[in-house]
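Asks: Pasting a structure here, questions to come.
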Amino acid sequence: MLAGAILDSSGTRILLARRARPVELAGLWELPGGKAEVGETDEEALRRELAEELGIAVGVEFELRDQVVLSDELVLIARWARVIAGEPTAREHQAVRWVDAEELSTLCDEGRLVPADTVWVPELVARLRRA
Ligand code: C5P
């Protein structure tokens, strides 16, 4: 599973999307992404998923430090990415929003992020503050 930490043009905010399903994750914010298909690289998979789900083209950069083991078959990794074209639109999510370091921390502290994605918050906050 691939998630994208998608940066805005100012470099100070990242994109979060609010999940519509499954019921236990619905309403929580996540770094958007999805699963690689057979024969796809991580980078190709992330570009395809973000085009399908949000209608944006992204440039995919480095991998964030931590990996999250969701189950025997599912490991979640996150990569830094930048919007090249398009305005993010919630096609499969309930909503999308740009958040700065402060807002990301607050959402995390309030338990409004999907649990898996909270591991990346310290690194994301540090990178956004450095921008
Ligand atoms: O995003 P997608 O619907 O493909 O995710 C498949 C499953 O992976 C979810 O139903 C959930 O169980 C798990 N998941 C998760 N945390 C995430 C992304 C996915 O627990 N951030």
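As shown in the structure tokens, the chain order sets the letters A, B, ...; within each chain, residues go from 1, and ligands are also counted from 1 in the order they appear.
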Within 8 Å of ligand 1, counting only C-alpha atoms and all ligand atoms, which protein or nucleic acid residues do you find, written as a PDB file with N, CA and C atoms, in the first residue's frame?

Replies:
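For reference, result-v9.pdb as written:
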ATOM      1  N   MET A   1       0.847  -1.186   0.000  1.00  0.00           N
ATOM      2  CA  MET A   1       0.000   0.000   0.000  1.00  0.00           C
ATOM      3  C   MET A   1       0.881   1.233   0.000  1.00  0.00           C
ATOM      4  N   ALA A   3       0.998   5.487   0.274  1.00  0.00           N
ATOM      5  CA  ALA A   3       0.307   6.727   0.607  1.00  0.00           C
ATOM      6  C   ALA A   3       1.187   7.870   0.125  1.00  0.00           C
ATOM      7  N   ARG A  21     -14.915   5.078   3.759  1.00  0.00           N
ATOM      8  CA  ARG A  21     -15.079   3.681   4.170  1.00  0.00           C
ATOM      9  C   ARG A  21     -13.718   3.085   4.495  1.00  0.00           C
ATOM     10  N   PRO A  22     -13.646   1.911   5.153  1.00  0.00           N
ATOM     11  CA  PRO A  22     -14.763   1.181   5.782  1.00  0.00           C
ATOM     12  C   PRO A  22     -15.308   1.957   6.979  1.00  0.00           C
ATOM     13  N   LEU A  25     -13.125   3.455   9.669  1.00  0.00           N
ATOM     14  CA  LEU A  25     -12.202   4.546   9.303  1.00  0.00           C
ATOM     15  C   LEU A  25     -12.939   5.743   8.694  1.00  0.00           C
ATOM     16  N   GLU A  30      -6.730  10.946   6.027  1.00  0.00           N
ATOM     17  CA  GLU A  30      -5.570  10.109   5.671  1.00  0.00           C
ATOM     18  C   GLU A  30      -4.716  10.803   4.614  1.00  0.00           C
ATOM     19  N   LEU A  31      -3.504  10.274   4.469  1.00  0.00           N
ATOM     20  CA  LEU A  31      -2.693  10.588   3.299  1.00  0.00           C
ATOM     21  C   LEU A  31      -3.247   9.690   2.196  1.00  0.00           C
ATOM     22  N   PRO A  32      -3.742  10.258   1.102  1.00  0.00           N
ATOM     23  CA  PRO A  32      -4.397   9.428   0.080  1.00  0.00           C
ATOM     24  C   PRO A  32      -3.417   8.527  -0.665  1.00  0.00           C
ATOM     25  N   GLY A  33      -3.917   7.418  -1.191  1.00  0.00           N
ATOM     26  CA  GLY A  33      -3.063   6.479  -1.927  1.00  0.00           C
ATOM     27  C   GLY A  33      -3.821   5.228  -2.272  1.00  0.00           C
ATOM     28  N   GLY A  34      -3.125   4.098  -2.335  1.00  0.00           N
ATOM     29  CA  GLY A  34      -3.813   2.852  -2.673  1.00  0.00           C
ATOM     30  C   GLY A  34      -2.840   1.721  -2.880  1.00  0.00           C
ATOM     31  N   LYS A  35      -3.325   0.659  -3.523  1.00  0.00           N
ATOM     32  CA  LYS A  35      -2.512  -0.548  -3.691  1.00  0.00           C
ATOM     33  C   LYS A  35      -1.876  -0.606  -5.069  1.00  0.00           C
ATOM     34  N   LEU A  70       0.168  -3.325   8.359  1.00  0.00           N
ATOM     35  CA  LEU A  70      -1.272  -3.364   8.630  1.00  0.00           C
ATOM     36  C   LEU A  70      -1.740  -4.802   8.849  1.00  0.00           C
ATOM     37  N   LEU A  74      -0.292  -6.635   4.051  1.00  0.00           N
ATOM     38  CA  LEU A  74      -0.352  -5.191   3.790  1.00  0.00           C
ATOM     39  C   LEU A  74       0.655  -4.388   4.598  1.00  0.00           C
ATOM     40  N   LEU A  76       2.215  -0.514   4.688  1.00  0.00           N
ATOM     41  CA  LEU A  76       1.928   0.827   4.184  1.00  0.00           C
ATOM     42  C   LEU A  76       3.216   1.645   4.170  1.00  0.00           C
ATOM     43  N   VAL A 114      -6.441   8.609  10.432  1.00  0.00           N
ATOM     44  CA  VAL A 114      -6.480   7.145  10.484  1.00  0.00           C
ATOM     45  C   VAL A 114      -5.266   6.710  11.306  1.00  0.00           C
ATOM     46  N   PRO A 115      -5.457   5.722  12.188  1.00  0.00           N
ATOM     47  CA  PRO A 115      -4.370   5.363  13.117  1.00  0.00           C
ATOM     48  C   PRO A 115      -3.038   5.104  12.417  1.00  0.00           C
ATOM     49  N   ALA A 116      -3.048   4.368  11.302  1.00  0.00           N
ATOM     50  CA  ALA A 116      -1.787   4.007  10.640  1.00  0.00           C
ATOM     51  C   ALA A 116      -0.980   5.247  10.262  1.00  0.00           C
ATOM     52  N   ASP A 117      -1.635   6.287   9.824  1.00  0.00           N
ATOM     53  CA  ASP A 117      -0.923   7.455   9.291  1.00  0.00           C
ATOM     54  C   ASP A 117      -0.288   8.328  10.377  1.00  0.00           C
TER      55      ASP A 117
END

Asks: Show which residues sit within 8 Å of stretch 8-13 of chain A, as a list of chain:residue names. Count only C-alpha atoms, and ignore same-chain residues fewer than 3 positions away.

Replies: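 Once the nearby chain positions are removed, what remains is A:Arg82, A:Val83, A:Trp98, A:Val99, A:Asp100, A:Ala101, A:Leu128, A:Arg129, A:Ala131.
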
Asks: Taking into account only C-alpha atoms, which residue in the set A:Arg97, A:Arg112, A:Arg127, A:Arg19 is nearest to A:Trp80?

Replies: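 Comparing A:Arg97, A:Arg112, A:Arg127, A:Arg19 against A:Trp80, the winner is A:Arg127.
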
Asks: Taking the chain letters and numbering used in this document, name the residues of chain A that DSSP puts in strand (DSSP E), as a ChimeraX atom specification.

Replies: /A:2-7,14-18,29-30,33-34,57-63,68-69,75-85,95-99

Asks: I'd like the neighbourhood of stretch 45-59 of chain A as an MDAnalysis selection string, where a residue qualifies if any of its atoms comes within 12 Å (using only C-alpha atoms), though same-chain residues fewer than 3 positions away should be ignored.

Replies: chainID A and resid 1:9 15:19 31:42 62:63 76:97

Asks: Can you list every residue in chain A that DSSP puts in helix (DSSP H, G or I), as a ChimeraX atom specification?

Replies: /A:42-54,101-109,115-130

Asks: Generate the output file for the selected residues, N, CA and C atoms, as a tab-separated table (two decimals), in the first residue's frame.

Replies:
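Result written to part34.tsv:
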chain	number	residue	atom	x	y	z
A	42	ASP	N	5.97	1.15	-7.23
A	42	ASP	CA	5.31	1.97	-6.20
A	42	ASP	C	4.97	3.35	-6.75
A	43	GLU	N	5.93	3.90	-7.46
A	43	GLU	CA	5.73	5.25	-7.98
A	43	GLU	C	4.58	5.31	-9.00
A	44	GLU	N	4.55	4.33	-9.89
A	44	GLU	CA	3.46	4.28	-10.87
A	44	GLU	C	2.11	4.10	-10.19
A	45	ALA	N	2.10	3.23	-9.17
A	45	ALA	CA	0.84	2.96	-8.46
A	45	ALA	C	0.34	4.23	-7.78
A	46	LEU	N	1.23	4.96	-7.14
A	46	LEU	CA	0.82	6.17	-6.43
A	46	LEU	C	0.32	7.22	-7.44
A	47	ARG	N	1.01	7.35	-8.56
A	47	ARG	CA	0.56	8.32	-9.57
A	47	ARG	C	-0.83	7.95	-10.10
A	48	ARG	N	-1.04	6.66	-10.37
A	48	ARG	CA	-2.34	6.21	-10.89
A	48	ARG	C	-3.45	6.42	-9.86
A	49	GLU	N	-3.20	6.02	-8.61
A	49	GLU	CA	-4.23	6.13	-7.57
A	49	GLU	C	-4.63	7.60	-7.34
A	50	LEU	N	-3.63	8.48	-7.32
A	50	LEU	CA	-3.95	9.89	-7.05
A	50	LEU	C	-4.66	10.53	-8.23
A	51	ALA	N	-4.36	10.07	-9.44
A	51	ALA	CA	-5.10	10.55	-10.61
A	51	ALA	C	-6.55	10.07	-10.54
A	52	GLU	N	-6.75	8.81	-10.18
A	52	GLU	CA	-8.11	8.25	-10.12
A	52	GLU	C	-8.93	8.86	-8.98
A	53	GLU	N	-8.32	8.95	-7.80
A	53	GLU	CA	-9.08	9.36	-6.61
A	53	GLU	C	-9.27	10.85	-6.49
A	54	LEU	N	-8.26	11.62	-6.97
A	54	LEU	CA	-8.28	13.06	-6.71
A	54	LEU	C	-8.19	13.92	-7.96
A	101	ALA	N	1.61	22.46	9.33
A	101	ALA	CA	2.16	21.64	10.41
A	101	ALA	C	1.28	21.69	11.66
A	102	GLU	N	0.81	22.91	11.97
A	102	GLU	CA	-0.03	23.12	13.17
A	102	GLU	C	-1.32	22.31	13.08
A	103	GLU	N	-2.01	22.44	11.95
A	103	GLU	CA	-3.30	21.76	11.77
A	103	GLU	C	-3.13	20.24	11.76
A	104	LEU	N	-2.03	19.77	11.16
A	104	LEU	CA	-1.76	18.33	11.12
A	104	LEU	C	-1.57	17.80	12.54
A	105	SER	N	-0.79	18.50	13.35
A	105	SER	CA	-0.56	18.10	14.75
A	105	SER	C	-1.87	18.05	15.52
A	106	THR	N	-2.68	19.08	15.32
A	106	THR	CA	-3.95	19.15	16.06
A	106	THR	C	-4.87	17.99	15.68
A	107	LEU	N	-4.99	17.73	14.38
A	107	LEU	CA	-5.85	16.62	13.94
A	107	LEU	C	-5.36	15.31	14.54
A	108	CYS	N	-4.05	15.14	14.58
A	108	CYS	CA	-3.47	13.92	15.14
A	108	CYS	C	-3.79	13.81	16.63
A	109	ASP	N	-3.55	14.90	17.37
A	109	ASP	CA	-3.82	14.90	18.81
A	109	ASP	C	-5.29	14.64	19.11
A	115	PRO	N	-5.46	5.72	12.19
A	115	PRO	CA	-4.37	5.36	13.12
A	115	PRO	C	-3.04	5.10	12.42
A	116	ALA	N	-3.05	4.37	11.30
A	116	ALA	CA	-1.79	4.01	10.64
A	116	ALA	C	-0.98	5.25	10.26
A	117	ASP	N	-1.63	6.29	9.82
A	117	ASP	CA	-0.92	7.46	9.29
A	117	ASP	C	-0.29	8.33	10.38
A	118	THR	N	-0.64	8.08	11.63
A	118	THR	CA	-0.09	8.92	12.70
A	118	THR	C	1.43	8.74	12.84
A	119	VAL	N	1.97	7.60	12.41
A	119	VAL	CA	3.43	7.38	12.55
A	119	VAL	C	4.23	8.43	11.77
A	120	TRP	N	3.66	8.97	10.71
A	120	TRP	CA	4.41	9.91	9.86
A	120	TRP	C	4.31	11.35	10.34
A	121	VAL	N	3.44	11.60	11.31
A	121	VAL	CA	3.18	12.99	11.71
A	121	VAL	C	4.44	13.72	12.17
A	122	PRO	N	5.27	13.12	13.06
A	122	PRO	CA	6.47	13.88	13.48
A	122	PRO	C	7.36	14.27	12.30
A	123	GLU	N	7.61	13.34	11.38
A	123	GLU	CA	8.46	13.66	10.23
A	123	GLU	C	7.80	14.72	9.34
A	124	LEU	N	6.52	14.59	9.11
A	124	LEU	CA	5.82	15.57	8.26
A	124	LEU	C	5.83	16.95	8.88
A	125	VAL	N	5.55	17.01	10.17
A	125	VAL	CA	5.53	18.30	10.86
A	125	VAL	C	6.91	18.95	10.77
A	126	ALA	N	7.96	18.16	11.00
A	126	ALA	CA	9.33	18.70	10.94
A	126	ALA	C	9.64	19.21	9.53
A	127	ARG	N	9.27	18.46	8.50
A	127	ARG	CA	9.55	18.89	7.12
A	127	ARG	C	8.75	20.13	6.74
A	128	LEU	N	7.48	20.20	7.16
A	128	LEU	CA	6.66	21.36	6.82
A	128	LEU	C	7.18	22.62	7.54
A	129	ARG	N	7.65	22.46	8.76
A	129	ARG	CA	8.16	23.62	9.51
A	129	ARG	C	9.45	24.14	8.91
A	130	ARG	N	10.22	23.22	8.30
A	130	ARG	CA	11.51	23.60	7.71
A	130	ARG	C	11.32	24.37	6.40

Asks: Hey, can you check how far atom CA of A:Gly111 sits from atom CA of A:Glu61?

Replies: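 Spanning atom CA of A:Gly111 to atom CA of A:Glu61 is a straight-line distance of 27.7 Å.
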